[in-house]
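Printed here is input.cif (mmCIF, C-alpha atoms):
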```cif
data_work
loop_
_atom_site.label_atom_id
_atom_site.label_comp_id
_atom_site.auth_asym_id
_atom_site.auth_seq_id
_atom_site.Cartn_x
_atom_site.Cartn_y
_atom_site.Cartn_z
CA MET A 26 13.00 -100.16 77.21
CA LYS A 27 16.41 -100.90 78.59
CA TYR A 28 15.26 -99.79 82.02
CA GLY A 29 12.22 -102.00 81.73
CA ILE A 30 14.42 -105.01 81.12
CA LEU A 31 16.70 -103.98 83.96
CA ILE A 32 13.77 -103.62 86.33
CA ILE A 33 12.38 -107.00 85.37
CA ALA A 34 15.81 -108.57 85.78
CA PHE A 35 16.18 -106.89 89.14
CA LEU A 36 12.77 -108.05 90.28
CA ALA A 37 13.54 -111.58 89.17
CA MET A 38 16.79 -111.47 91.08
CA SER A 39 15.18 -110.13 94.22
CA PHE A 40 12.49 -112.79 94.07
CA GLN A 41 15.15 -115.42 93.76
CA GLY A 42 16.98 -113.88 96.68
CA PHE A 43 14.07 -113.82 99.04
CA SER A 44 11.88 -116.75 98.25
CA GLN A 45 12.73 -120.32 98.78
CA GLY A 46 13.12 -122.10 95.50
CA ASP A 47 9.84 -122.56 93.71
CA ALA A 48 10.29 -126.29 93.44
CA ILE A 49 10.83 -126.58 97.17
CA THR A 50 7.79 -124.47 97.97
CA LYS A 51 5.73 -126.62 95.64
CA TYR A 52 7.11 -129.75 97.21
CA PHE A 53 6.30 -128.49 100.69
CA ASN A 54 2.82 -127.42 99.68
CA LYS A 55 2.20 -130.85 98.24
CA TYR A 56 2.54 -132.40 101.68
CA THR A 57 1.09 -129.64 103.82
CA GLU A 58 -2.29 -131.36 103.85
CA ASP A 59 -0.84 -134.85 104.29
CA THR A 60 -1.27 -135.71 107.97
CA SER A 61 1.47 -138.32 107.88
CA PHE A 62 3.91 -135.42 107.45
CA THR A 63 4.97 -133.02 110.10
CA VAL A 64 5.24 -129.62 108.50
CA VAL A 65 6.93 -126.57 109.97
CA TYR A 66 7.07 -123.22 108.28
CA ILE A 67 8.57 -120.19 109.93
CA SER A 68 8.13 -116.92 108.07
CA PRO A 69 10.51 -113.97 107.91
CA LYS A 70 8.11 -112.05 110.17
CA MET A 71 8.30 -114.83 112.72
CA PHE A 72 12.07 -114.69 112.61
CA GLU A 73 11.87 -110.98 113.33
CA MET A 74 9.87 -111.76 116.43
CA VAL A 75 12.27 -114.49 117.46
CA ALA A 76 15.10 -111.98 117.17
CA ARG A 77 13.27 -109.84 119.72
CA LEU A 78 13.18 -112.51 122.40
CA ALA A 79 15.02 -111.60 125.56
CA GLU A 80 18.59 -112.77 125.92
CA ASP A 81 17.93 -115.02 128.89
CA GLU A 82 15.22 -116.89 126.97
CA VAL A 83 17.52 -118.09 124.21
CA ASP A 84 20.93 -119.62 123.70
CA ALA A 85 23.37 -117.05 122.47
CA GLU A 86 24.95 -119.41 119.89
CA VAL A 87 21.57 -120.40 118.48
CA GLN A 88 20.35 -116.82 118.37
CA GLN A 89 23.55 -115.85 116.57
CA VAL A 90 22.54 -118.14 113.73
CA ILE A 91 18.83 -117.33 113.87
CA LYS A 92 19.26 -113.58 113.65
CA ASP A 93 20.39 -113.88 110.02
CA LEU A 94 17.69 -116.34 108.97
CA LYS A 95 14.69 -115.36 106.87
CA GLY A 96 12.75 -118.55 106.51
CA LEU A 97 12.56 -122.17 107.56
CA ARG A 98 10.64 -125.10 106.19
CA VAL A 99 10.69 -128.53 107.74
CA LEU A 100 9.03 -131.65 106.38
CA VAL A 101 9.26 -134.86 108.42
CA ARG A 102 7.66 -138.23 107.85
CA GLU A 103 8.02 -141.40 109.84
CA GLY A 104 8.58 -144.46 107.69
CA ASP A 105 9.03 -144.92 103.96
CA GLY A 106 11.88 -142.42 104.05
CA THR A 107 13.82 -143.81 101.13
CA LYS A 108 10.81 -143.53 98.82
CA TYR A 109 10.19 -139.89 99.64
CA TYR A 110 13.90 -139.12 99.55
CA ASN A 111 14.16 -140.43 96.01
CA GLU A 112 11.03 -138.54 95.03
CA ALA A 113 12.41 -135.32 96.46
CA VAL A 114 15.74 -135.71 94.70
CA LYS A 115 13.89 -136.27 91.44
CA THR A 116 11.34 -133.48 91.89
CA LEU A 117 13.59 -130.75 93.18
CA ASN A 118 15.83 -128.99 90.75
CA LEU A 119 19.02 -129.83 92.59
CA LYS A 120 21.12 -128.69 89.64
CA ALA A 121 20.45 -125.13 90.76
CA TYR A 122 22.26 -125.95 93.99
CA GLU A 123 25.81 -126.60 94.89
CA GLU A 124 26.46 -129.94 96.44
CA LEU A 125 27.87 -129.58 99.90
CA MET A 126 27.74 -133.12 101.19
CA THR A 127 26.32 -136.45 100.13
CA VAL A 128 26.59 -139.34 102.55
CA ARG A 129 25.36 -142.84 102.20
CA ASP A 130 25.74 -144.75 105.39
CA GLY A 131 24.11 -148.14 105.29
CA ASN A 132 20.52 -147.52 104.21
CA GLN A 133 20.55 -143.87 105.20
CA ASN A 134 21.00 -141.18 102.57
CA ILE A 135 22.00 -137.64 103.44
CA ARG A 136 22.24 -134.82 101.02
CA PHE A 137 23.29 -131.26 101.79
CA VAL A 138 23.03 -128.69 99.07
CA ILE A 139 23.47 -124.91 99.19
CA LYS A 140 22.76 -121.89 97.08
CA ASP A 141 25.32 -119.16 97.48
CA ASN A 142 25.91 -115.66 96.31
CA GLY A 143 29.63 -115.07 96.47
CA ASP A 144 30.81 -115.95 99.96
CA ILE A 145 27.36 -115.82 101.48
CA ILE A 146 25.26 -118.94 101.62
CA GLU A 147 21.66 -117.92 101.03
CA GLU A 148 19.94 -121.26 101.16
CA LEU A 149 20.66 -124.57 102.78
CA LEU A 150 18.69 -127.63 101.88
CA LEU A 151 19.03 -130.90 103.73
CA LEU A 152 17.48 -134.17 102.65
CA VAL A 153 17.63 -137.28 104.78
CA GLY A 154 16.08 -140.56 103.75
CA SER A 155 16.10 -143.95 105.43
CA PRO A 156 13.48 -146.71 105.77
CA ASP A 157 12.60 -145.19 109.16
CA GLU A 158 12.15 -141.56 108.20
CA PHE A 159 12.24 -138.81 105.67
CA VAL A 160 13.46 -135.34 106.61
CA MET A 161 13.67 -132.25 104.50
CA ILE A 162 14.87 -128.97 105.95
CA SER A 163 15.32 -125.75 104.05
CA PHE A 164 16.82 -122.63 105.53
CA VAL A 165 16.99 -119.28 103.75
CA GLY A 166 18.73 -116.14 104.85
CA LYS A 167 22.37 -115.61 105.60
CA ILE A 168 23.72 -118.96 106.62
CA ASP A 169 26.94 -119.52 108.47
CA LEU A 170 27.83 -123.21 108.19
CA ASP A 171 30.63 -123.03 110.72
CA LYS A 172 28.32 -121.67 113.38
CA ILE A 173 25.67 -124.27 112.58
CA ALA A 174 28.22 -127.11 112.70
CA LYS A 175 29.33 -125.96 116.14
CA LEU A 176 25.81 -125.96 117.58
CA ALA A 177 25.51 -129.72 117.98
CA LYS A 178 29.04 -129.99 119.32
CA THR A 179 28.38 -127.48 122.10
CA ALA A 180 24.98 -128.99 122.89
CA ASP A 181 26.42 -132.50 122.58
CA ILE A 182 23.04 -134.04 121.97
CA GLU A 183 22.18 -136.51 119.29
CA GLY A 184 20.41 -134.68 116.48
CA LEU A 185 17.82 -137.37 115.94
CA GLU A 186 16.49 -136.93 119.46
CA HIS A 187 15.79 -133.29 118.64
CA LEU A 188 14.01 -134.26 115.53
CA GLU A 189 11.48 -136.24 117.54
CA LYS A 190 10.77 -133.12 119.55
CA VAL A 191 10.25 -131.16 116.37
CA GLY A 192 7.71 -133.75 115.29
CA LYS A 193 5.80 -133.51 118.54
CA GLN A 194 5.53 -129.73 118.65
CA MET B 15 27.54 15.80 65.18
CA LYS B 16 28.15 13.69 62.15
CA ASN B 17 29.69 11.22 64.39
CA TYR B 18 26.53 11.10 66.52
CA GLN B 19 24.40 10.69 63.44
CA HIS B 20 26.46 7.63 62.55
CA ILE B 21 26.02 6.33 66.07
CA THR B 22 22.25 6.84 65.88
CA GLN B 23 22.18 4.87 62.62
CA LEU B 24 24.26 2.12 64.10
CA LEU B 25 22.06 1.96 67.17
CA ASP B 26 18.95 1.69 65.01
CA LYS B 27 20.63 -1.15 63.16
CA TYR B 28 21.63 -2.73 66.46
CA TRP B 29 18.04 -2.72 67.74
CA GLU B 30 17.04 -4.37 64.53
CA GLY B 31 19.75 -6.91 65.12
CA GLU B 32 21.42 -6.20 61.82
CA THR B 33 24.79 -4.84 62.94
CA THR B 34 27.98 -6.59 61.96
CA LEU B 35 30.60 -7.53 64.48
CA ALA B 36 32.68 -4.54 63.39
CA GLU B 37 29.75 -2.17 63.89
CA ASP B 38 29.10 -3.69 67.31
CA LYS B 39 32.70 -3.02 68.15
CA THR B 40 32.35 0.63 67.05
CA LEU B 41 29.32 1.04 69.29
CA GLN B 42 31.11 -0.54 72.19
CA THR B 43 34.16 1.67 71.86
CA PHE B 44 31.89 4.67 71.60
CA PHE B 45 30.01 3.87 74.78
CA ALA B 46 33.27 2.97 76.49
CA SER B 47 34.57 6.45 75.92
CA GLU B 48 33.95 8.95 78.64
CA THR B 49 32.37 11.72 76.61
CA ILE B 50 28.93 10.48 75.77
CA PRO B 51 26.15 12.88 74.87
CA VAL B 52 23.18 12.85 77.23
CA GLU B 53 20.77 11.40 74.72
CA PHE B 54 22.94 8.24 74.51
CA GLN B 55 23.63 7.87 78.22
CA ALA B 56 20.56 5.66 78.72
CA PHE B 57 22.10 3.03 76.51
CA GLN B 58 25.56 3.28 78.01
CA SER B 59 24.95 0.69 80.70
CA ILE B 60 23.86 -1.87 78.14
CA PHE B 61 27.00 -1.64 76.05
CA GLN B 62 29.25 -1.33 79.07
CA ALA B 63 27.78 -4.52 80.54
CA LYS B 64 28.20 -6.20 77.22
CA ASN B 65 31.76 -5.03 77.14
CA ASP B 66 32.40 -6.41 80.63
CA ILE B 67 31.08 -9.81 79.68
CA GLN B 68 33.15 -9.98 76.56
CA THR B 69 36.32 -8.85 78.21
CA GLN B 70 36.03 -11.52 80.82
CA THR B 71 38.82 -13.98 80.17
CA LEU B 72 39.59 -17.34 81.63
CA SER B 73 42.03 -17.17 84.46
CA ASP B 74 45.40 -18.86 83.98
CA ASP B 75 44.67 -21.57 86.50
CA PHE B 76 41.30 -22.28 84.96
CA ASP B 77 42.55 -25.42 83.24
CA ILE B 78 44.27 -26.64 86.35
CA ASN B 79 41.20 -25.96 88.44
CA LEU B 80 38.98 -27.69 85.96
CA LEU B 81 41.27 -30.69 85.81
CA ALA B 82 41.39 -30.74 89.58
CA ILE B 83 37.61 -30.70 89.75
CA LEU B 84 37.41 -33.42 87.17
CA GLU B 85 39.98 -35.43 89.09
CA ASN B 86 37.89 -35.03 92.20
CA LYS B 87 34.84 -36.17 90.34
CA LYS B 88 36.76 -39.16 89.09
CA GLU B 89 37.87 -40.04 92.60
CA GLU B 90 34.36 -39.69 93.78
CA LYS B 91 33.29 -42.00 91.05
CA GLU B 92 35.93 -44.50 92.05
CA GLU B 93 34.76 -44.23 95.60
CA THR B 94 31.26 -44.93 94.52
CA LYS B 95 32.66 -47.79 92.51
CA ILE B 96 34.33 -49.16 95.61
CA ILE B 97 31.14 -48.71 97.54
CA GLN B 98 29.27 -50.43 94.77
CA LEU B 99 31.85 -53.21 94.83
CA GLN B 100 31.41 -53.53 98.55
CA ASN B 101 27.71 -53.66 98.02
CA LYS B 102 28.28 -56.32 95.42
CA GLN B 103 30.43 -58.33 97.83
CA ALA B 104 27.78 -57.97 100.47
CA ALA B 105 25.20 -59.18 97.99
CA GLU B 106 27.46 -62.10 97.08
CA LEU B 107 27.91 -62.91 100.73
CA GLN B 108 24.17 -62.71 101.21
CA LYS B 109 23.74 -65.07 98.30
CA TRP B 110 26.23 -67.56 99.73
CA ARG B 111 24.61 -67.32 103.10
CA PHE B 112 21.34 -68.11 101.41
CA VAL B 113 22.88 -71.09 99.63
CA ALA B 114 24.56 -72.25 102.83
CA GLY B 115 21.24 -71.97 104.57
CA ILE B 116 19.59 -74.18 101.99
CA ALA B 117 22.46 -76.67 102.18
CA ALA B 118 22.21 -76.76 105.94
CA SER B 119 18.47 -77.36 105.74
CA ILE B 120 18.98 -80.20 103.28
CA ALA B 121 21.69 -81.69 105.49
CA LEU B 122 19.37 -81.46 108.45
CA ILE B 123 16.52 -83.14 106.59
CA LEU B 124 18.85 -85.86 105.34
CA ALA B 125 20.20 -86.37 108.81
CA VAL B 126 16.69 -86.73 110.12
CA TYR B 127 15.84 -89.23 107.42
CA ILE B 128 19.05 -91.21 107.91
CA VAL B 129 19.22 -91.16 111.67
CA LEU B 130 15.54 -91.46 112.51
CA PRO B 131 14.86 -94.82 110.86
CA LYS B 132 17.80 -96.28 112.77
CA THR B 133 16.56 -95.04 116.09
CA GLU B 134 13.12 -96.20 115.09
CA THR B 135 14.29 -99.74 114.40
CA VAL B 136 16.07 -99.67 117.73
CA LYS B 137 12.81 -98.61 119.29
CA ILE B 138 10.93 -101.38 117.49
CA ALA B 139 13.46 -103.91 118.67
CA LYS B 140 12.93 -102.72 122.20
CA ILE B 141 9.16 -102.79 122.05
CA GLU B 142 7.98 -105.68 124.12
CA LEU B 143 6.30 -108.50 122.26
CA THR B 144 2.71 -109.10 123.22
CA GLU B 145 2.11 -112.24 125.24
CA GLU B 146 0.73 -114.06 122.21
CA GLU B 147 3.61 -112.95 120.01
CA HIS B 148 6.04 -113.92 122.70
CA GLU B 149 4.54 -117.37 122.93
CA LYS B 150 4.67 -117.83 119.16
CA ALA B 151 8.21 -116.49 118.98
CA LEU B 152 9.31 -118.95 121.65
CA VAL B 153 7.75 -121.86 119.76
CA ALA B 154 9.34 -120.65 116.53
CA TYR B 155 12.65 -120.31 118.32
CA GLU B 156 12.45 -123.82 119.74
CA GLN B 157 11.54 -125.32 116.38
CA THR B 158 14.25 -123.43 114.58
CA LYS B 159 16.70 -124.53 117.23
CA MET B 160 15.67 -128.17 116.76
CA ALA B 161 16.00 -127.88 113.02
CA LEU B 162 19.39 -126.23 113.39
CA MET B 163 20.52 -128.87 115.83
CA PHE B 164 19.39 -131.58 113.49
CA VAL B 165 21.18 -129.97 110.57
CA SER B 166 24.26 -129.49 112.71
CA ALA B 167 24.23 -133.06 114.00
CA THR B 168 23.66 -134.44 110.52
CA MET B 169 26.46 -132.31 109.20
CA ASN B 170 28.79 -133.59 111.88
CA HIS B 171 27.55 -137.13 111.38
CA GLY B 172 28.34 -136.76 107.72
CA THR B 173 31.82 -135.46 108.33
CA GLN B 174 32.36 -138.16 110.94
CA THR B 175 31.26 -140.81 108.49
CA ALA B 176 33.62 -139.30 105.97
CA ALA B 177 36.39 -139.25 108.55
CA LYS B 178 35.64 -142.86 109.48
CA SER B 179 35.80 -143.90 105.85
CA LEU B 180 39.00 -141.98 105.41
CA SER B 181 40.55 -143.64 108.42
CA LYS B 182 39.45 -147.00 107.03
CA VAL B 183 41.19 -146.16 103.78
CA LYS B 184 44.18 -145.06 105.76
CA ASN B 185 44.18 -148.32 107.71
CA LEU B 186 43.92 -150.25 104.50
CA LYS B 187 46.80 -148.27 103.11
CA GLU B 188 48.85 -149.06 106.19
CA VAL B 189 48.00 -152.73 105.88
CA ILE B 190 49.01 -152.70 102.25
CA GLU B 191 52.18 -150.85 103.03
CA GLY B 192 52.88 -153.27 105.87
CA MET B 193 52.44 -156.20 103.51
CA GLU B 194 54.74 -154.66 101.01
CA ASN B 195 57.36 -154.16 103.61
#
```
Can you present the structure in this file as structure tokens?
Amino acid sequence: MKYGILIIAFLAMSFQGFSQGDAITKYFNKYTEDTSFTVVYISPKMFEMVARLAEDEVDAEVQQVIKDLKGLRVLVREGDGTKYYNEAVKTLNLKAYEELMTVRDGNQNIRFVIKDNGDIIEELLLLVGSPDEFVMISFVGKIDLDKIAKLAKTADIEGLEHLEKVGKQ
Amino acid sequence: MKNYQHITQLLDKYWEGETTLAEDKTLQTFFASETIPVEFQAFQSIFQAKNDIQTQTLSDDFDINLLAILENKKEEKEETKIIQLQNKQAAELQKWRFVAGIAASIALILAVYIVLPKTETVKIAKIELTEEEHEKALVAYEQTKMALMFVSATMNHGTQTAAKSLSKVKNLKEVIEGMEN
């Protein structure tokens, strides 16, 4: 009996550890069919394949971060960003996350939240909402914020430009 | 002659097995004597032989000899004990060798199980992706990179905004301090 409970608890824990939060998955699924959204989902298996790419095909710094990732979901929509941002904040159970950064700059809202297990950040969720766009990015795996923060500095490219490329691909 | 009659009676009794020890003795002494009538000479050898047997005594060193023999036996026994002990040790050694053999086998199996998966994953990592997989992996890489870059840039933008705000506060503080001075 005790073992049964332990096993169930363990299973629950492992599910939590490996799957992106249920609410997020639901939220993503809700807009998968909506053509006004650009949806990107990269599975753990895909990340395994990415890790096998040759060294000269990838940037070492980027690969350093990618090798520990297990999943990625991206949801982008042009226009009406504030509306979807507010909806996301309401729908997602953000209480389960730890607030990393909340910025309100003019009419743009940025929210970074993380889920950690001790010193290791296991999930990073980013929400951006402005009248021009709505962006939601969720990473799971082992996330090193320092390394991620350095990426844009070394590349020295405006992040929003990249986002357009994401949308086109 | 009377004497001989007595002897004849005694002999008859002897054949019947009814003589006493004393009567036996009388017969023996009679046959031991040198003057035996002819009719009794046939029996002489019997009683003389009997006499010889009974007069045989243990030699003085009999005890010592016996003890010595026993001692020898004992030593022999101890030797056999030692041999047995050695056999036992050999058996023990055999047993430990057997156990060691099993342990070694287990260690080997474990080693195979522990080491093989590692080498296997290394092998998997080295296996070339198929062209299709490679293509997909590259796309996935590019998209992940974009997402990471976006996250990174946003993160930096956020900290920059925070820094800007902080510097504004600082400026304000300086202004206030300047006014106060």
- Query: What does the distance between CA of Leu151 in chain A and CA of Ser61 in chain A come to in Å, to one decimal place?
  - Reply: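 Value for the CA of Leu151 in chain A-CA of Ser61 in chain A distance: 19.5 Å.
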- Query: To one decimal place, how far is CA of Ala118 in chain B from CA of Leu99 in chain B in Å?
  - Reply: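 Calculated distance between CA of Ala118 in chain B and CA of Leu99 in chain B is 27.8 Å.
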Name the residues within 10 Å of (13.1, -137.3, 96.7), counting only C-alpha atoms in the file's coordinates, and put them as a compact mmCIF listing (two decimals) with C-alpha atoms, in the frame of the given file.
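What landed in part_35.txt:
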```txt
# COMPACT_ATOMS: atom_id res chain seq x y z
CA TYR A 52 7.11 -129.75 97.21
CA GLY A 106 11.88 -142.42 104.05
CA THR A 107 13.82 -143.81 101.13
CA LYS A 108 10.81 -143.53 98.82
CA TYR A 109 10.19 -139.89 99.64
CA TYR A 110 13.90 -139.12 99.55
CA ASN A 111 14.16 -140.43 96.01
CA GLU A 112 11.03 -138.54 95.03
CA ALA A 113 12.41 -135.32 96.46
CA VAL A 114 15.74 -135.71 94.70
CA LYS A 115 13.89 -136.27 91.44
CA THR A 116 11.34 -133.48 91.89
CA LEU A 117 13.59 -130.75 93.18
CA LEU A 152 17.48 -134.17 102.65
CA VAL A 153 17.63 -137.28 104.78
CA GLY A 154 16.08 -140.56 103.75
CA PHE A 159 12.24 -138.81 105.67
CA MET A 161 13.67 -132.25 104.50
```
- Task: Tell me which protein, DNA and RNA residues are within 12 Å of Lys159 in chain B, counting only C-alpha atoms, leaving out same-chain ones fewer than 4 positions away, and put them as an MDAnalysis selection string.
- Result: (chainID A and resid 67 72 75 83:92 94 97 99 164 173 176:177 180 184 187:188 190:191) or (chainID B and resid 151:155 163:167)
- Query: Mind pulling up the distance from CA of Asp141 in chain A to CA of Ala121 in chain A?
  - Reply: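 Pair CA of Ala121 in chain A / CA of Asp141 in chain A returns 10.2 Å.
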- Message: Residues of chain B within 12 Å of chain A, counting all atoms listed in the file - could you list those as an MDAnalysis selection string?
- Response: chainID B and resid 135:179
- Task: Apply the PyMOL selection byres ((chain A and resi 167) around 6) to the file shown and report the selected residues as JSON, numbers by chain.
- Result: {"A": [93, 94, 146, 147, 166, 168]}
- Message: Which residues are near range 40-50 of chain B? Cut-off 6 Å, all atoms listed in the file, ignore same chain within fewer than 3 positions. Put them as a list in words.
- Response: Glu37, Gln58 and Phe61 of chain B
Please produce a file of the residues just selected, as a PDB file, keeping the file's coordinate frame, where the atoms kept are C-alpha atoms.
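Okay, again_35.pdb is ready:
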```pdb
ATOM      1  CA  GLU B  37      29.750  -2.170  63.890  1.00  0.00           C
ATOM      2  CA  GLN B  58      25.560   3.280  78.010  1.00  0.00           C
ATOM      3  CA  PHE B  61      27.000  -1.640  76.050  1.00  0.00           C
TER       4      PHE B  61
END
```
Extending 6 Å beyond the listed atoms of range 126-139 of chain A on each side, what axis-aligned box results? I want centre and edge lengths in Å to one decimal, as JSON.
```
{"center_x": 24.1, "center_y": -136.5, "center_z": 102.2, "size_x": 19.2, "size_y": 35.2, "size_z": 18.3}
```
